[in-house]
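input-v2.cif follows (mmCIF, C-alpha atoms; chains and numbers go by the auth columns):
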```cif
data_coords
loop_
_atom_site.group_PDB
_atom_site.id
_atom_site.type_symbol
_atom_site.label_atom_id
_atom_site.label_comp_id
_atom_site.label_asym_id
_atom_site.label_seq_id
_atom_site.Cartn_x
_atom_site.Cartn_y
_atom_site.Cartn_z
_atom_site.B_iso_or_equiv
_atom_site.auth_seq_id
_atom_site.auth_asym_id
ATOM 1 C CA MET A 1 0.000 0.000 0.000 0.00 1 A
ATOM 2 C CA ASP A 2 2.880 2.362 0.733 0.00 2 A
ATOM 3 C CA SER A 3 4.213 1.936 -2.792 0.00 3 A
ATOM 4 C CA VAL A 4 1.184 3.580 -4.419 0.00 4 A
ATOM 5 C CA PRO A 5 1.638 7.058 -2.920 0.00 5 A
ATOM 6 C CA ALA A 6 5.386 6.935 -3.654 0.00 6 A
ATOM 7 C CA THR A 7 4.745 6.059 -7.302 0.00 7 A
ATOM 8 C CA SER A 8 2.163 8.787 -7.634 0.00 8 A
ATOM 9 C CA LEU A 9 4.558 11.318 -6.138 0.00 9 A
ATOM 10 C CA PHE A 10 7.291 10.269 -8.558 0.00 10 A
ATOM 11 C CA TRP A 11 5.092 10.824 -11.639 0.00 11 A
ATOM 12 C CA ALA A 12 3.819 14.085 -10.216 0.00 12 A
ATOM 13 C CA GLN A 13 7.385 15.343 -9.914 0.00 13 A
ATOM 14 C CA MET A 14 8.203 14.244 -13.469 0.00 14 A
ATOM 15 C CA PHE A 15 5.113 16.071 -14.713 0.00 15 A
ATOM 16 C CA ILE A 16 6.134 19.277 -12.921 0.00 16 A
ATOM 17 C CA ILE A 17 9.674 19.096 -14.334 0.00 17 A
ATOM 18 C CA PHE A 18 8.318 18.602 -17.850 0.00 18 A
ATOM 19 C CA ILE A 19 5.966 21.570 -17.596 0.00 19 A
ATOM 20 C CA SER A 20 8.712 23.840 -16.270 0.00 20 A
ATOM 21 C CA SER A 21 11.021 23.050 -19.186 0.00 21 A
ATOM 22 C CA VAL A 22 8.825 24.107 -22.121 0.00 22 A
ATOM 23 C CA SER A 23 7.753 27.636 -21.235 0.00 23 A
ATOM 24 C CA ALA A 24 8.357 30.130 -24.063 0.00 24 A
ATOM 25 C CA ASP A 25 7.439 33.707 -24.959 0.00 25 A
ATOM 26 C CA GLN A 26 7.803 35.710 -28.159 0.00 26 A
ATOM 27 C CA THR A 27 8.403 39.442 -28.680 0.00 27 A
ATOM 28 C CA ASN A 28 8.843 41.647 -31.762 0.00 28 A
ATOM 29 C CA ILE A 29 11.465 44.406 -31.538 0.00 29 A
ATOM 30 C CA THR A 30 12.245 47.161 -34.062 0.00 30 A
ATOM 31 C CA ALA A 31 15.446 49.241 -33.987 0.00 31 A
ATOM 32 C CA GLU A 32 16.969 51.882 -36.234 0.00 32 A
ATOM 33 C CA ALA A 33 20.220 51.154 -38.052 0.00 33 A
ATOM 34 C CA GLY A 34 23.252 52.679 -36.361 0.00 34 A
ATOM 35 C CA HIS A 35 21.623 52.682 -32.915 0.00 35 A
ATOM 36 C CA ASN A 36 21.654 50.170 -30.064 0.00 36 A
ATOM 37 C CA ALA A 37 18.968 47.513 -29.713 0.00 37 A
ATOM 38 C CA SER A 38 17.816 46.024 -26.418 0.00 38 A
ATOM 39 C CA LEU A 39 16.532 42.450 -26.570 0.00 39 A
ATOM 40 C CA PRO A 40 14.408 41.904 -23.435 0.00 40 A
ATOM 41 C CA CYS A 41 14.549 38.728 -21.401 0.00 41 A
ATOM 42 C CA THR A 42 13.750 38.080 -17.733 0.00 42 A
ATOM 43 C CA SER A 43 14.277 34.963 -15.675 0.00 43 A
ATOM 44 C CA PRO A 44 11.042 33.687 -14.103 0.00 44 A
ATOM 45 C CA ASN A 45 10.689 34.364 -10.371 0.00 45 A
ATOM 46 C CA SER A 46 14.147 35.974 -10.364 0.00 46 A
ATOM 47 C CA LYS A 47 15.725 32.642 -9.543 0.00 47 A
ATOM 48 C CA PRO A 48 19.550 32.310 -9.851 0.00 48 A
ATOM 49 C CA VAL A 49 20.692 31.640 -13.418 0.00 49 A
ATOM 50 C CA LEU A 50 23.049 28.732 -13.989 0.00 50 A
ATOM 51 C CA VAL A 51 23.320 29.083 -17.768 0.00 51 A
ATOM 52 C CA LEU A 52 22.274 31.914 -20.080 0.00 52 A
ATOM 53 C CA GLU A 53 22.434 31.399 -23.832 0.00 53 A
ATOM 54 C CA TRP A 54 21.601 34.026 -26.441 0.00 54 A
ATOM 55 C CA ILE A 55 21.575 32.414 -29.886 0.00 55 A
ATOM 56 C CA ARG A 56 20.411 33.045 -33.437 0.00 56 A
ATOM 57 C CA PRO A 57 19.544 29.646 -34.964 0.00 57 A
ATOM 58 C CA ASP A 58 20.310 30.679 -38.568 0.00 58 A
ATOM 59 C CA LEU A 59 23.975 31.347 -37.658 0.00 59 A
ATOM 60 C CA GLY A 60 24.768 27.798 -36.610 0.00 60 A
ATOM 61 C CA SER A 61 26.150 26.508 -33.324 0.00 61 A
ATOM 62 C CA GLU A 62 28.065 29.643 -32.275 0.00 62 A
ATOM 63 C CA TYR A 63 26.556 31.919 -29.658 0.00 63 A
ATOM 64 C CA VAL A 64 25.507 35.524 -29.673 0.00 64 A
ATOM 65 C CA PHE A 65 26.238 35.596 -25.930 0.00 65 A
ATOM 66 C CA LEU A 66 26.960 32.862 -23.401 0.00 66 A
ATOM 67 C CA TYR A 67 27.074 32.954 -19.591 0.00 67 A
ATOM 68 C CA ARG A 68 27.923 29.851 -17.577 0.00 68 A
ATOM 69 C CA ASN A 69 29.984 28.852 -14.560 0.00 69 A
ATOM 70 C CA ARG A 70 29.313 32.326 -13.155 0.00 70 A
ATOM 71 C CA GLN A 71 31.209 34.059 -15.948 0.00 71 A
ATOM 72 C CA ILE A 72 30.845 35.244 -19.541 0.00 72 A
ATOM 73 C CA ASP A 73 32.163 32.724 -22.068 0.00 73 A
ATOM 74 C CA LEU A 74 33.542 34.362 -25.252 0.00 74 A
ATOM 75 C CA GLU A 75 35.226 31.279 -26.698 0.00 75 A
ATOM 76 C CA ASN A 76 32.331 30.161 -28.917 0.00 76 A
ATOM 77 C CA GLN A 77 30.916 33.589 -29.733 0.00 77 A
ATOM 78 C CA HIS A 78 30.000 34.289 -33.340 0.00 78 A
ATOM 79 C CA VAL A 79 32.352 36.748 -35.029 0.00 79 A
ATOM 80 C CA MET A 80 29.451 39.079 -35.899 0.00 80 A
ATOM 81 C CA PHE A 81 28.870 39.869 -32.229 0.00 81 A
ATOM 82 C CA LYS A 82 32.385 40.180 -30.846 0.00 82 A
ATOM 83 C CA ASN A 83 32.719 43.436 -28.878 0.00 83 A
ATOM 84 C CA ARG A 84 29.141 44.354 -29.828 0.00 84 A
ATOM 85 C CA VAL A 85 26.959 42.664 -27.205 0.00 85 A
ATOM 86 C CA ASP A 86 26.647 42.786 -23.432 0.00 86 A
ATOM 87 C CA LEU A 87 24.084 42.243 -20.722 0.00 87 A
ATOM 88 C CA GLN A 88 21.968 45.221 -19.852 0.00 88 A
ATOM 89 C CA ASP A 89 22.739 44.434 -16.210 0.00 89 A
ATOM 90 C CA ARG A 90 25.663 42.138 -15.515 0.00 90 A
ATOM 91 C CA GLN A 91 24.436 41.679 -11.969 0.00 91 A
ATOM 92 C CA MET A 92 21.167 40.277 -13.363 0.00 92 A
ATOM 93 C CA LYS A 93 19.184 42.133 -10.716 0.00 93 A
ATOM 94 C CA ASP A 94 15.513 41.170 -10.523 0.00 94 A
ATOM 95 C CA GLY A 95 16.181 38.474 -13.107 0.00 95 A
ATOM 96 C CA ASP A 96 17.055 40.952 -15.896 0.00 96 A
ATOM 97 C CA VAL A 97 19.126 39.101 -18.514 0.00 97 A
ATOM 98 C CA SER A 98 18.301 41.433 -21.417 0.00 98 A
ATOM 99 C CA LEU A 99 20.923 41.753 -24.150 0.00 99 A
ATOM 100 C CA VAL A 100 22.189 45.031 -25.633 0.00 100 A
ATOM 101 C CA LEU A 101 23.303 44.881 -29.268 0.00 101 A
ATOM 102 C CA ARG A 102 25.357 47.922 -30.266 0.00 102 A
ATOM 103 C CA ASN A 103 25.410 49.749 -33.612 0.00 103 A
ATOM 104 C CA VAL A 104 22.925 47.469 -35.349 0.00 104 A
ATOM 105 C CA THR A 105 22.820 46.941 -39.107 0.00 105 A
ATOM 106 C CA THR A 106 20.458 45.113 -41.432 0.00 106 A
ATOM 107 C CA ASP A 107 22.630 42.007 -41.008 0.00 107 A
ATOM 108 C CA ASP A 108 21.376 41.834 -37.405 0.00 108 A
ATOM 109 C CA ARG A 109 17.829 41.121 -38.528 0.00 109 A
ATOM 110 C CA GLY A 110 16.575 37.744 -37.434 0.00 110 A
ATOM 111 C CA THR A 111 15.123 35.609 -34.685 0.00 111 A
ATOM 112 C CA TYR A 112 17.012 35.497 -31.393 0.00 112 A
ATOM 113 C CA GLU A 113 16.471 33.059 -28.558 0.00 113 A
ATOM 114 C CA CYS A 114 17.160 33.679 -24.868 0.00 114 A
ATOM 115 C CA ARG A 115 17.629 30.320 -23.133 0.00 115 A
ATOM 116 C CA LEU A 116 17.790 30.118 -19.361 0.00 116 A
ATOM 117 C CA VAL A 117 18.608 27.287 -16.984 0.00 117 A
ATOM 118 C CA GLN A 118 17.696 27.934 -13.347 0.00 118 A
ATOM 119 C CA THR A 119 17.812 25.943 -10.184 0.00 119 A
ATOM 120 C CA GLU A 120 14.536 25.031 -8.538 0.00 120 A
ATOM 121 C CA ARG A 121 13.484 22.705 -5.834 0.00 121 A
ATOM 122 C CA ASN A 122 14.456 19.172 -6.905 0.00 122 A
ATOM 123 C CA SER A 123 14.716 20.263 -10.556 0.00 123 A
ATOM 124 C CA ARG A 124 16.097 22.700 -13.083 0.00 124 A
ATOM 125 C CA ARG A 125 13.858 25.079 -14.918 0.00 125 A
ATOM 126 C CA LYS A 126 14.509 25.752 -18.609 0.00 126 A
ATOM 127 C CA THR A 127 12.998 28.840 -20.218 0.00 127 A
ATOM 128 C CA THR A 128 13.146 30.048 -23.812 0.00 128 A
ATOM 129 C CA VAL A 129 12.228 33.577 -24.906 0.00 129 A
ATOM 130 C CA ILE A 130 12.042 34.340 -28.636 0.00 130 A
ATOM 131 C CA ILE A 131 12.840 37.826 -29.971 0.00 131 A
ATOM 132 C CA ASN A 132 12.150 38.835 -33.586 0.00 132 A
ATOM 133 C CA LEU A 133 14.424 41.776 -34.431 0.00 133 A
ATOM 134 C CA ASP A 134 13.808 44.051 -37.409 0.00 134 A
ATOM 135 C CA ILE A 135 16.088 46.924 -38.455 0.00 135 A
ATOM 136 C CA LEU A 136 14.782 50.123 -40.048 0.00 136 A
ATOM 137 C CA LEU A 137 16.928 52.235 -42.364 0.00 137 A
ATOM 138 C CA PRO A 138 16.826 56.045 -42.613 0.00 138 A
ATOM 139 C CA PRO A 139 14.626 57.322 -45.494 0.00 139 A
ATOM 140 C CA GLY A 140 16.335 57.155 -48.861 0.00 140 A
ATOM 141 C CA GLU A 141 19.078 54.762 -47.800 0.00 141 A
ATOM 142 C CA PRO A 142 19.216 51.538 -49.866 0.00 142 A
ATOM 143 C CA ASP A 143 18.659 48.297 -48.016 0.00 143 A
ATOM 144 C CA GLU A 144 21.715 46.086 -48.550 0.00 144 A
ATOM 145 C CA GLY A 145 21.048 43.653 -45.730 0.00 145 A
ATOM 146 C CA ASN A 146 20.171 40.002 -46.092 0.00 146 A
ATOM 147 C CA ASN A 147 17.455 39.488 -48.672 0.00 147 A
ATOM 148 C CA ASP A 148 16.767 35.846 -48.022 0.00 148 A
ATOM 149 C CA GLY A 149 13.401 34.420 -48.930 0.00 149 A
ATOM 150 C CA PRO A 150 11.162 34.468 -52.030 0.00 150 A
ATOM 151 C CA ALA A 151 11.403 38.232 -52.543 0.00 151 A
ATOM 152 C CA GLY A 152 15.200 38.190 -52.564 0.00 152 A
ATOM 153 C CA LEU A 153 15.269 35.185 -54.892 0.00 153 A
ATOM 154 C CA ILE A 154 12.920 36.822 -57.399 0.00 154 A
ATOM 155 C CA ALA A 155 14.934 40.047 -57.344 0.00 155 A
ATOM 156 C CA GLY A 156 18.147 38.126 -57.986 0.00 156 A
ATOM 157 C CA LEU A 157 16.612 36.255 -60.911 0.00 157 A
ATOM 158 C CA LEU A 158 15.327 39.477 -62.466 0.00 158 A
ATOM 159 C CA VAL A 159 18.742 41.132 -62.204 0.00 159 A
ATOM 160 C CA GLY A 160 20.433 38.103 -63.768 0.00 160 A
ATOM 161 C CA LEU A 161 17.902 37.964 -66.611 0.00 161 A
ATOM 162 C CA LEU A 162 18.360 41.670 -67.333 0.00 162 A
ATOM 163 C CA ALA A 163 22.145 41.226 -67.470 0.00 163 A
ATOM 164 C CA LEU A 164 21.785 38.363 -69.969 0.00 164 A
ATOM 165 C CA VAL A 165 19.510 40.447 -72.191 0.00 165 A
ATOM 166 C CA ILE A 166 22.004 43.337 -72.237 0.00 166 A
ATOM 167 C CA VAL A 167 24.932 41.045 -73.080 0.00 167 A
ATOM 168 C CA ALA A 168 22.957 39.352 -75.858 0.00 168 A
ATOM 169 C CA ALA A 169 21.986 42.735 -77.350 0.00 169 A
ATOM 170 C CA VAL A 170 25.605 43.953 -77.379 0.00 170 A
ATOM 171 C CA VAL A 171 26.874 40.741 -78.974 0.00 171 A
ATOM 172 C CA CYS A 172 24.128 40.849 -81.607 0.00 172 A
ATOM 173 C CA TYR A 173 24.874 44.499 -82.426 0.00 173 A
ATOM 174 C CA PHE A 174 28.581 43.943 -83.070 0.00 174 A
ATOM 175 C CA THR A 175 27.968 40.653 -84.880 0.00 175 A
ATOM 176 C CA ARG A 176 25.552 42.212 -87.378 0.00 176 A
ATOM 177 C CA LYS A 177 27.607 45.364 -87.833 0.00 177 A
ATOM 178 C CA LYS A 178 30.558 43.647 -89.572 0.00 178 A
ATOM 179 C CA PRO A 179 28.597 41.927 -92.414 0.00 179 A
ATOM 180 C CA SER A 180 26.799 45.191 -93.159 0.00 180 A
ATOM 181 C CA CYS A 181 30.165 46.844 -93.782 0.00 181 A
ATOM 182 C CA LEU A 182 31.180 44.045 -96.143 0.00 182 A
ATOM 183 C CA ASN A 183 27.878 44.245 -97.966 0.00 183 A
ATOM 184 C CA GLN A 184 28.331 47.976 -98.375 0.00 184 A
ATOM 185 C CA LYS A 185 31.621 47.408 -100.163 0.00 185 A
ATOM 186 C CA SER A 186 30.255 44.584 -102.291 0.00 186 A
ATOM 187 C CA ASN A 187 27.392 46.749 -103.577 0.00 187 A
ATOM 188 C CA GLN A 188 29.790 49.201 -105.199 0.00 188 A
ATOM 189 C CA PRO A 189 30.015 48.762 -108.993 0.00 189 A
ATOM 190 C CA PRO A 190 33.180 47.011 -110.184 0.00 190 A
ATOM 191 C CA GLU A 191 35.803 49.176 -111.686 0.00 191 A
ATOM 192 C CA GLY A 192 36.014 48.931 -115.479 0.00 192 A
ATOM 193 C CA PRO A 193 39.108 47.529 -117.181 0.00 193 A
ATOM 194 C CA HIS A 194 41.856 49.968 -117.983 0.00 194 A
ATOM 195 C CA GLU A 195 41.863 51.130 -121.575 0.00 195 A
ATOM 196 C CA THR A 196 44.732 49.611 -123.458 0.00 196 A
ATOM 197 C CA GLN A 197 46.179 51.120 -126.595 0.00 197 A
ATOM 198 C CA GLN A 198 45.419 48.977 -129.606 0.00 198 A
ATOM 199 C CA PRO A 199 48.395 48.055 -131.774 0.00 199 A
ATOM 200 C CA LEU A 200 48.576 49.618 -135.207 0.00 200 A
ATOM 201 C CA THR A 201 47.235 47.469 -138.010 0.00 201 A
ATOM 202 C CA ASP A 202 47.964 47.641 -141.679 0.00 202 A
ATOM 203 C CA GLN A 203 44.872 49.699 -142.207 0.00 203 A
ATOM 204 C CA ASN A 204 45.891 52.199 -139.649 0.00 204 A
ATOM 205 C CA GLN A 205 49.428 52.563 -140.933 0.00 205 A
ATOM 206 C CA PRO A 206 50.125 55.714 -143.096 0.00 206 A
ATOM 207 C CA ALA A 207 50.350 55.145 -146.834 0.00 207 A
ATOM 208 C CA GLU A 208 53.773 55.061 -148.303 0.00 208 A
ATOM 209 C CA GLN A 209 54.665 57.833 -150.647 0.00 209 A
#
```
Hey, can you dump this file as C-alpha cells for me?
Amino acid sequence: MDSVPATSLFWAQMFIIFISSVSADQTNITAEAGHNASLPCTSPNSKPVLVLEWIRPDLGSEYVFLYRNRQIDLENQHVMFKNRVDLQDRQMKDGDVSLVLRNVTTDDRGTYECRLVQTERNSRRKTTVIINLDILLPPGEPDEGNNDGPAGLIAGLLVGLLALVIVAAVVCYFTRKKPSCLNQKSNQPPEGPHETQQPLTDQNQPAEQ
C-alpha cells in the first residue's frame, strides 16, 4: 500500500519538471540602423541563473552571448557579435538578462532566442524567450542587408535575366555590324578595265609615198 503514494509522487514530480522546461514567450522588436537595440529577457521568479544562452539559430552553433559557470564565455561567440553585445545588467538584478546589441545593421535582422537554466526545488527550470528583431533604415538609404526568402530570390533572378539580355543585345549588335560593312563594299560597282592602246594594223598605218 505504501508503494502507491510513492509512485504517484514520482510521476507528479516528473510532470512538474516537464511543464517547467517548455515555457516560451515571443516578442517583436524594431530598432533603427546605427543605434543600439535592447533584446528583453527576464528569468522567471528571479531565480539564480546557472546558464544563459543568447543564440540566433540561422547562424549555426556559435553563440551571440553565453554565460555559464558564473562568468561570460567568449570562446564560442559568433564573429558578428564580438565586442558588440553585453548584458543590460551584468548583476542580473531582478532576473534581468536582457541583451544590448550595439550599432545594429540590417545584417542583425533575425530571430534570437534567450535560453535560461535555473535551479529550482528538486529540478532545473529551462525557459526560452524568442525575440524577432527588425532593423529600419533612414529614409532614402538603400537596403543592402540580407534578402533571403522568395522576394530576394525573385529580385536576384530578375537582375540576372536583365544582365543576360544586355549582353545578348551587345553581342548581336557587333555581330551584325561587320557583315553590313562588307555588304556595303560589295554593292559598289566594279571598276572597269583599264583602256589599253590597240596596236597599229595595216589599215591604220600611213600610206607610203
Determine the residue set returned by the PyMOL selection byres ((chain A and resi 78) around 12) for the present structure, and present it as an mmCIF file with C-alpha atoms, keeping the file's coordinate frame.
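Once everything was written out, this is expr.cif:
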```
data_model
loop_
_atom_site.group_PDB
_atom_site.id
_atom_site.type_symbol
_atom_site.label_atom_id
_atom_site.label_comp_id
_atom_site.auth_asym_id
_atom_site.auth_seq_id
_atom_site.Cartn_x
_atom_site.Cartn_y
_atom_site.Cartn_z
ATOM 1 C CA TRP A 54 21.601 34.026 -26.441
ATOM 2 C CA ILE A 55 21.575 32.414 -29.886
ATOM 3 C CA ARG A 56 20.411 33.045 -33.437
ATOM 4 C CA PRO A 57 19.544 29.646 -34.964
ATOM 5 C CA ASP A 58 20.310 30.679 -38.568
ATOM 6 C CA LEU A 59 23.975 31.347 -37.658
ATOM 7 C CA GLY A 60 24.768 27.798 -36.610
ATOM 8 C CA SER A 61 26.150 26.508 -33.324
ATOM 9 C CA GLU A 62 28.065 29.643 -32.275
ATOM 10 C CA TYR A 63 26.556 31.919 -29.658
ATOM 11 C CA VAL A 64 25.507 35.524 -29.673
ATOM 12 C CA PHE A 65 26.238 35.596 -25.930
ATOM 13 C CA LEU A 66 26.960 32.862 -23.401
ATOM 14 C CA ASP A 73 32.163 32.724 -22.068
ATOM 15 C CA LEU A 74 33.542 34.362 -25.252
ATOM 16 C CA GLU A 75 35.226 31.279 -26.698
ATOM 17 C CA ASN A 76 32.331 30.161 -28.917
ATOM 18 C CA GLN A 77 30.916 33.589 -29.733
ATOM 19 C CA VAL A 79 32.352 36.748 -35.029
ATOM 20 C CA MET A 80 29.451 39.079 -35.899
ATOM 21 C CA PHE A 81 28.870 39.869 -32.229
ATOM 22 C CA LYS A 82 32.385 40.180 -30.846
ATOM 23 C CA ASN A 83 32.719 43.436 -28.878
ATOM 24 C CA ARG A 84 29.141 44.354 -29.828
ATOM 25 C CA VAL A 85 26.959 42.664 -27.205
#
```
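One distance worth recording is that between CA of Val117 (chain A) and CA of Asn103 (chain A), which is 28.8 Å.
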Quiz item: What separation in Å, quoted to one decimal, exists between CA of Arg124 (chain A) and CA of Thr27 (chain A)?
Solution: 24.1 Å
Practice problem: List every protein, DNA or RNA residue with an atom no more than 9 Å from (14.4, 37.9, -10.0) in the file's coordinates, counting all atoms listed in the file, and format the result as a PyMOL selection string. | Solution: chain A and resi 42-48+92-96
Quiz item: Using only C-alpha atoms, which residue out of A:Ile72, A:Leu158, A:Leu39, A:Ile130 lies closest to Val100 (chain A)?
Solution: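 Closest to Val100 (chain A), using only C-alpha atoms: A:Leu39.
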Exercise. List, as JSON, numbers by chain, every residue that the PyMOL selection byres ((chain A and resi 129) around 12) selects in the file provided.
Key: {"A": [22, 23, 24, 25, 26, 27, 28, 39, 40, 41, 42, 43, 44, 52, 53, 54, 55, 56, 97, 98, 99, 111, 112, 113, 114, 115, 116, 117, 126, 127, 128, 130, 131, 132]}
Self-check item: Counting all atoms listed in the file, the residue of A:Asn36, A:Thr106, A:Thr175, A:Gln88 that sits nearest Glu141 (chain A)
Solution: A:Thr106
Quiz prompt | Interatomic distance (Å, one decimal) between CA of Asp86 (chain A) and CA of Gln71 (chain A) | solution =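 These atoms are spaced 12.4 Å apart.
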Exercise. Determine the residue set returned by the PyMOL selection byres ((chain A and resi 105) around 9) for the present structure, and present it as a VMD selection string.
Key: chain A and resid 32 to 35 103 to 104 106 to 109 135 to 137 145
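Of the listed residues (A:Arg68, A:Gly110, A:Leu133, A:Arg90), A:Leu133 comes nearest to Ala37 (chain A); the distances count all atoms listed in the file.
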Quiz item: Which is closest to Ser38 (chain A) among A:Leu161, A:Leu50, A:Leu101, A:Ile166, if we use all atoms listed in the file?
Solution: A:Leu101
